[in-house]
Amino acid sequence: MTQNNDGNNEVVTLSDYRGQMTWSALKQVEAYWEGLRHGRVVPLRTDVDPRGIEGVLEHAFILERIAPGLARFRLAGLHLVDLIGMEVRGMPLTSFFTPDSRKKVTAALEDVFQGPETAEIHLTGEKGFGKPDLTARMLLLPLKSDLGDVSRILGCLVAQGQVGRTPRRFDVSDIQSRPIQVKAPEITRRPAPQPTPEKPEVVFQTDDAQKQPGFAEDSQAFTGAPSKTASYLRLVTDNDQR
């Protein structure tokens with residue numbers, strides 16, 4: 001019993017409190033999966049570390065896609081074992097559902113794998129002798145295998161109520177599928193490049209040595225053909241040549 005601001009007493013049932021605590025396991029697994037993404041659409045199966053969800057590990061499981069609309073358990077917590085009454089590794093996910101609900105489950109599986117997207121399935125326990133009222137929720141979150149294809153699922157199954165006689169199977173009352181949101185990377189705008197001023201063209205003038213020393217030789221005046229007296233070469237004839 002609690003007291004509100006007006007001084008009146010309010011009754012809070014223990015079952016409501018337990019229900020909130022029970023469904024929080026789904027939020028913990030989803031928050032852990034979101035943390036593994038690091039901006040990616042889907043995290044890798046190898047990124048999953050059981051220690052990251054140690055507090056709700058009994059409700060968690062890993063699925064492997066083996067055919068369209070069909071997935072089997074690779075790993076499963078003890079809560080799932082209690083519901084079905086046996087070891088569930090290797091069993092198909094549809095073994096937890098009544099025949100009338102299995103088509104809905106296979107369709108939800110394909111949406112998670114092909115979307116990819118996430119899915120939360122609301123369940124009600126199958127009625128029968130020794131089977132009291134039981135409600136449950138299942139969360140399906142896609143994962144990539146080592147090959148890079150979306151063929152694994154990180155899941156969570158939480159049931160509220162007495163298990164009773166096993167195996168307990170469920171009818172689907174609602175499926176909530178959600179597309180995966182990817183945060184767009186922030187774009188840093190760079191300032192527009194400023195135009196580089198053109199350098200003035202340098203013209204070298206070689207016709208005037210005084211204007212550009214070093215690029216032209218001293219000009220010499222033409223004095224005509226050299227005189228014979230100024231000749232430095234003399235033609236020699238070898239008369240002995242045969």
# chains A, B, ... in the order shown; residues from 1 in each chain; ligands from 1
call {"tool": "closest_atom_pairs", "arguments": {"of": "segment 111-157 of chain A", "to": "segment 33-41 of chain A", "cutoff": "9 Å", "atoms": "only C-alpha atoms", "output": "tab-separated table"}}
result
residue	atom	partner	partner_atom	distance
A:Pro116	CA	A:Val41	CA	8.3
A:Leu141	CA	A:Trp33	CA	7.5
A:Leu154	CA	A:Trp33	CA	8.0
call {"tool": "write_last_selection", "arguments": {"atoms": "C-alpha atoms", "output": "CSV table (one decimal), in the first residue's frame"}}
result
chain,number,residue,atom,x,y,z
A,116,PRO,CA,16.2,-7.1,-41.2
A,141,LEU,CA,16.8,-9.5,-32.7
A,154,LEU,CA,19.4,-13.2,-30.3
call {"tool": "atom_distance", "arguments": {"atom1": "atom CA of Leu140 of chain A", "atom2": "atom CA of Gln162 of chain A"}}
result
23.5 Å
call {"tool": "residues_around", "arguments": {"residues": "Val48 of chain A", "least_positions_apart": "2", "cutoff": "12 Å", "atoms": "only C-alpha atoms", "output": "VMD selection string"}}
result
chain A and resid 29 32 to 37 42 to 46 50 to 54 57 60 to 62 141 to 145 152 to 155
call {"tool": "write_last_selection", "arguments": {"atoms": "N, CA and C atoms", "output": "PDB file, in the first residue's frame"}}
result
ATOM      1  N   VAL A  29      17.819  -7.126 -22.712  1.00  0.00           N
ATOM      2  CA  VAL A  29      18.403  -7.812 -23.861  1.00  0.00           C
ATOM      3  C   VAL A  29      18.427  -6.891 -25.085  1.00  0.00           C
ATOM      4  N   TYR A  32      21.165  -4.344 -24.699  1.00  0.00           N
ATOM      5  CA  TYR A  32      22.470  -4.965 -24.935  1.00  0.00           C
ATOM      6  C   TYR A  32      22.720  -5.129 -26.431  1.00  0.00           C
ATOM      7  N   TRP A  33      21.701  -5.572 -27.163  1.00  0.00           N
ATOM      8  CA  TRP A  33      21.834  -5.729 -28.617  1.00  0.00           C
ATOM      9  C   TRP A  33      22.111  -4.384 -29.292  1.00  0.00           C
ATOM     10  N   GLU A  34      21.413  -3.336 -28.853  1.00  0.00           N
ATOM     11  CA  GLU A  34      21.659  -2.002 -29.415  1.00  0.00           C
ATOM     12  C   GLU A  34      23.097  -1.566 -29.164  1.00  0.00           C
ATOM     13  N   GLY A  35      23.631  -1.876 -27.988  1.00  0.00           N
ATOM     14  CA  GLY A  35      25.006  -1.504 -27.682  1.00  0.00           C
ATOM     15  C   GLY A  35      26.021  -2.227 -28.537  1.00  0.00           C
ATOM     16  N   LEU A  36      25.666  -3.402 -29.057  1.00  0.00           N
ATOM     17  CA  LEU A  36      26.585  -4.164 -29.910  1.00  0.00           C
ATOM     18  C   LEU A  36      26.653  -3.625 -31.334  1.00  0.00           C
ATOM     19  N   ARG A  37      25.696  -2.832 -31.737  1.00  0.00           N
ATOM     20  CA  ARG A  37      25.619  -2.407 -33.132  1.00  0.00           C
ATOM     21  C   ARG A  37      26.734  -1.434 -33.495  1.00  0.00           C
ATOM     22  N   VAL A  42      23.143  -4.440 -38.172  1.00  0.00           N
ATOM     23  CA  VAL A  42      23.020  -5.681 -37.409  1.00  0.00           C
ATOM     24  C   VAL A  42      24.391  -6.052 -36.845  1.00  0.00           C
ATOM     25  N   PRO A  43      24.480  -6.401 -35.567  1.00  0.00           N
ATOM     26  CA  PRO A  43      25.766  -6.842 -35.011  1.00  0.00           C
ATOM     27  C   PRO A  43      26.075  -8.279 -35.410  1.00  0.00           C
ATOM     28  N   LEU A  44      27.285  -8.710 -35.114  1.00  0.00           N
ATOM     29  CA  LEU A  44      27.721 -10.067 -35.414  1.00  0.00           C
ATOM     30  C   LEU A  44      27.382 -11.017 -34.273  1.00  0.00           C
ATOM     31  N   ARG A  45      27.187 -12.282 -34.620  1.00  0.00           N
ATOM     32  CA  ARG A  45      26.958 -13.296 -33.589  1.00  0.00           C
ATOM     33  C   ARG A  45      28.165 -13.381 -32.652  1.00  0.00           C
ATOM     34  N   THR A  46      29.370 -13.229 -33.178  1.00  0.00           N
ATOM     35  CA  THR A  46      30.565 -13.322 -32.348  1.00  0.00           C
ATOM     36  C   THR A  46      30.703 -12.147 -31.379  1.00  0.00           C
ATOM     37  N   PRO A  50      27.894 -13.721 -23.265  1.00  0.00           N
ATOM     38  CA  PRO A  50      26.874 -14.009 -22.237  1.00  0.00           C
ATOM     39  C   PRO A  50      27.022 -13.169 -20.977  1.00  0.00           C
ATOM     40  N   ARG A  51      28.216 -12.732 -20.679  1.00  0.00           N
ATOM     41  CA  ARG A  51      28.418 -11.926 -19.469  1.00  0.00           C
ATOM     42  C   ARG A  51      27.722 -10.574 -19.578  1.00  0.00           C
ATOM     43  N   GLY A  52      27.439 -10.124 -20.805  1.00  0.00           N
ATOM     44  CA  GLY A  52      26.761  -8.842 -20.972  1.00  0.00           C
ATOM     45  C   GLY A  52      25.302  -8.872 -20.570  1.00  0.00           C
ATOM     46  N   ILE A  53      24.698 -10.063 -20.533  1.00  0.00           N
ATOM     47  CA  ILE A  53      23.290 -10.199 -20.135  1.00  0.00           C
ATOM     48  C   ILE A  53      23.179 -11.246 -19.023  1.00  0.00           C
ATOM     49  N   GLU A  54      24.164 -11.257 -18.161  1.00  0.00           N
ATOM     50  CA  GLU A  54      24.230 -12.286 -17.124  1.00  0.00           C
ATOM     51  C   GLU A  54      22.995 -12.280 -16.226  1.00  0.00           C
ATOM     52  N   LEU A  57      20.139 -14.101 -18.239  1.00  0.00           N
ATOM     53  CA  LEU A  57      20.630 -15.153 -19.129  1.00  0.00           C
ATOM     54  C   LEU A  57      19.665 -16.335 -19.213  1.00  0.00           C
ATOM     55  N   ALA A  60      17.335 -15.888 -22.184  1.00  0.00           N
ATOM     56  CA  ALA A  60      17.914 -15.597 -23.497  1.00  0.00           C
ATOM     57  C   ALA A  60      18.117 -16.875 -24.307  1.00  0.00           C
ATOM     58  N   PHE A  61      18.221 -16.690 -25.623  1.00  0.00           N
ATOM     59  CA  PHE A  61      18.493 -17.823 -26.506  1.00  0.00           C
ATOM     60  C   PHE A  61      19.109 -17.313 -27.806  1.00  0.00           C
ATOM     61  N   ILE A  62      19.724 -18.252 -28.542  1.00  0.00           N
ATOM     62  CA  ILE A  62      20.295 -17.975 -29.863  1.00  0.00           C
ATOM     63  C   ILE A  62      19.652 -18.925 -30.861  1.00  0.00           C
ATOM     64  N   LEU A 141      15.827 -10.536 -32.219  1.00  0.00           N
ATOM     65  CA  LEU A 141      16.763  -9.508 -32.678  1.00  0.00           C
ATOM     66  C   LEU A 141      17.767 -10.145 -33.640  1.00  0.00           C
ATOM     67  N   PRO A 142      17.912  -9.615 -34.866  1.00  0.00           N
ATOM     68  CA  PRO A 142      18.766 -10.268 -35.870  1.00  0.00           C
ATOM     69  C   PRO A 142      20.251 -10.118 -35.568  1.00  0.00           C
ATOM     70  N   LEU A 143      21.000 -11.141 -36.007  1.00  0.00           N
ATOM     71  CA  LEU A 143      22.460 -11.155 -35.898  1.00  0.00           C
ATOM     72  C   LEU A 143      23.046 -11.658 -37.214  1.00  0.00           C
ATOM     73  N   LYS A 144      24.286 -11.268 -37.483  1.00  0.00           N
ATOM     74  CA  LYS A 144      25.003 -11.777 -38.650  1.00  0.00           C
ATOM     75  C   LYS A 144      25.902 -12.941 -38.248  1.00  0.00           C
ATOM     76  N   SER A 145      26.027 -13.919 -39.149  1.00  0.00           N
ATOM     77  CA  SER A 145      26.945 -15.022 -38.924  1.00  0.00           C
ATOM     78  C   SER A 145      28.357 -14.593 -39.311  1.00  0.00           C
ATOM     79  N   ARG A 152      21.234 -15.472 -37.853  1.00  0.00           N
ATOM     80  CA  ARG A 152      21.191 -15.760 -36.427  1.00  0.00           C
ATOM     81  C   ARG A 152      20.252 -14.767 -35.753  1.00  0.00           C
ATOM     82  N   ILE A 153      19.733 -15.158 -34.587  1.00  0.00           N
ATOM     83  CA  ILE A 153      18.826 -14.301 -33.813  1.00  0.00           C
ATOM     84  C   ILE A 153      19.206 -14.389 -32.351  1.00  0.00           C
ATOM     85  N   LEU A 154      19.320 -13.230 -31.723  1.00  0.00           N
ATOM     86  CA  LEU A 154      19.401 -13.155 -30.271  1.00  0.00           C
ATOM     87  C   LEU A 154      17.990 -12.926 -29.761  1.00  0.00           C
ATOM     88  N   GLY A 155      17.499 -13.828 -28.911  1.00  0.00           N
ATOM     89  CA  GLY A 155      16.124 -13.745 -28.466  1.00  0.00           C
ATOM     90  C   GLY A 155      15.987 -13.761 -26.965  1.00  0.00           C
TER      91      GLY A 155
END
call {"tool": "closest_atom_pairs", "arguments": {"of": "segment 144-177 of chain A", "to": "segment 22-26 of chain A", "cutoff": "8 Å", "atoms": "only C-alpha atoms", "output": "CSV"}}
result
residue,atom,partner,partner_atom,distance
A:Cys156,CA,A:Leu26,CA,6.2
A:Leu157,CA,A:Leu26,CA,7.7
A:Val158,CA,A:Thr22,CA,6.8
A:Ala159,CA,A:Thr22,CA,7.9
A:Gln160,CA,A:Thr22,CA,7.2
call {"tool": "residues_around", "arguments": {"residues": "Gly130 of chain A", "least_positions_apart": "4", "cutoff": "9 Å", "atoms": "only C-alpha atoms", "output": "CSV table (one decimal) with all heavy atoms, in the first residue's frame"}}
result
chain,number,residue,atom,x,y,z
A,164,GLY,N,2.9,-25.0,-14.5
A,164,GLY,CA,2.0,-26.1,-14.5
A,164,GLY,C,2.6,-27.3,-15.2
A,164,GLY,O,3.8,-27.5,-15.3
A,165,ARG,N,1.7,-28.1,-15.8
A,165,ARG,CA,2.1,-29.3,-16.5
A,165,ARG,C,2.8,-28.9,-17.9
A,165,ARG,O,2.2,-28.2,-18.6
A,165,ARG,CB,0.9,-30.2,-16.7
A,165,ARG,CG,1.2,-31.6,-17.3
A,165,ARG,CD,0.0,-32.5,-17.1
A,165,ARG,NE,-1.1,-32.0,-17.9
A,165,ARG,CZ,-1.4,-32.3,-19.1
A,165,ARG,NH1,-0.6,-33.2,-19.8
A,165,ARG,NH2,-2.4,-31.8,-19.7
A,166,THR,N,3.9,-29.5,-18.1
A,166,THR,CA,4.7,-29.3,-19.3
A,166,THR,C,4.4,-30.4,-20.3
A,166,THR,O,4.0,-31.5,-20.0
A,166,THR,CB,6.2,-29.2,-19.0
A,166,THR,OG1,6.6,-30.4,-18.4
A,166,THR,CG2,6.5,-28.0,-18.1
call {"tool": "residues_around", "arguments": {"residues": "Arg74 of chain A", "least_positions_apart": "5", "cutoff": "9 Å", "atoms": "only C-alpha atoms", "output": "list of chain:residue names"}}
result
A:Phe61, A:Ile62, A:Leu63, A:Glu64, A:Val88, A:Arg89, A:Gly90, A:Met91
call {"tool": "closest_residue", "arguments": {"among": "A:Thr106, A:Thr135, A:Thr118, A:Ser151", "to": "Gln176 of chain A", "atoms": "only C-alpha atoms"}}
result
A:Thr118
call {"tool": "select_by_dssp", "arguments": {"residues": "segment 69-204 of chain A", "states": "strand (DSSP E or B)", "output": "JSON, numbers by chain"}}
result
{"A": [70, 71, 72, 73, 74, 75, 76, 92, 97, 117, 118, 119, 120, 121, 122, 123, 124, 125, 128, 131, 134, 135, 136, 137, 138, 139, 140, 141, 142, 143, 144, 150, 151, 152, 153, 154, 155, 156, 157, 158, 159, 160, 161, 170, 171, 172, 173, 174, 175, 176, 177, 178, 179]}
call {"tool": "select_by_dssp", "arguments": {"residues": "segment 97-129 of chain A", "states": "helix (DSSP H, G or I)", "output": "list in words"}}
result
Pro99, Asp100, Ser101, Arg102, Lys103, Lys104, Val105, Thr106, Ala107, Ala108, Leu109, Glu110, Asp111, Val112, Phe113 and Gln114 of chain A
call {"tool": "atom_distance", "arguments": {"atom1": "atom CA of Pro132 of chain A", "atom2": "atom CA of Gly161 of chain A"}}
result
7.7 Å
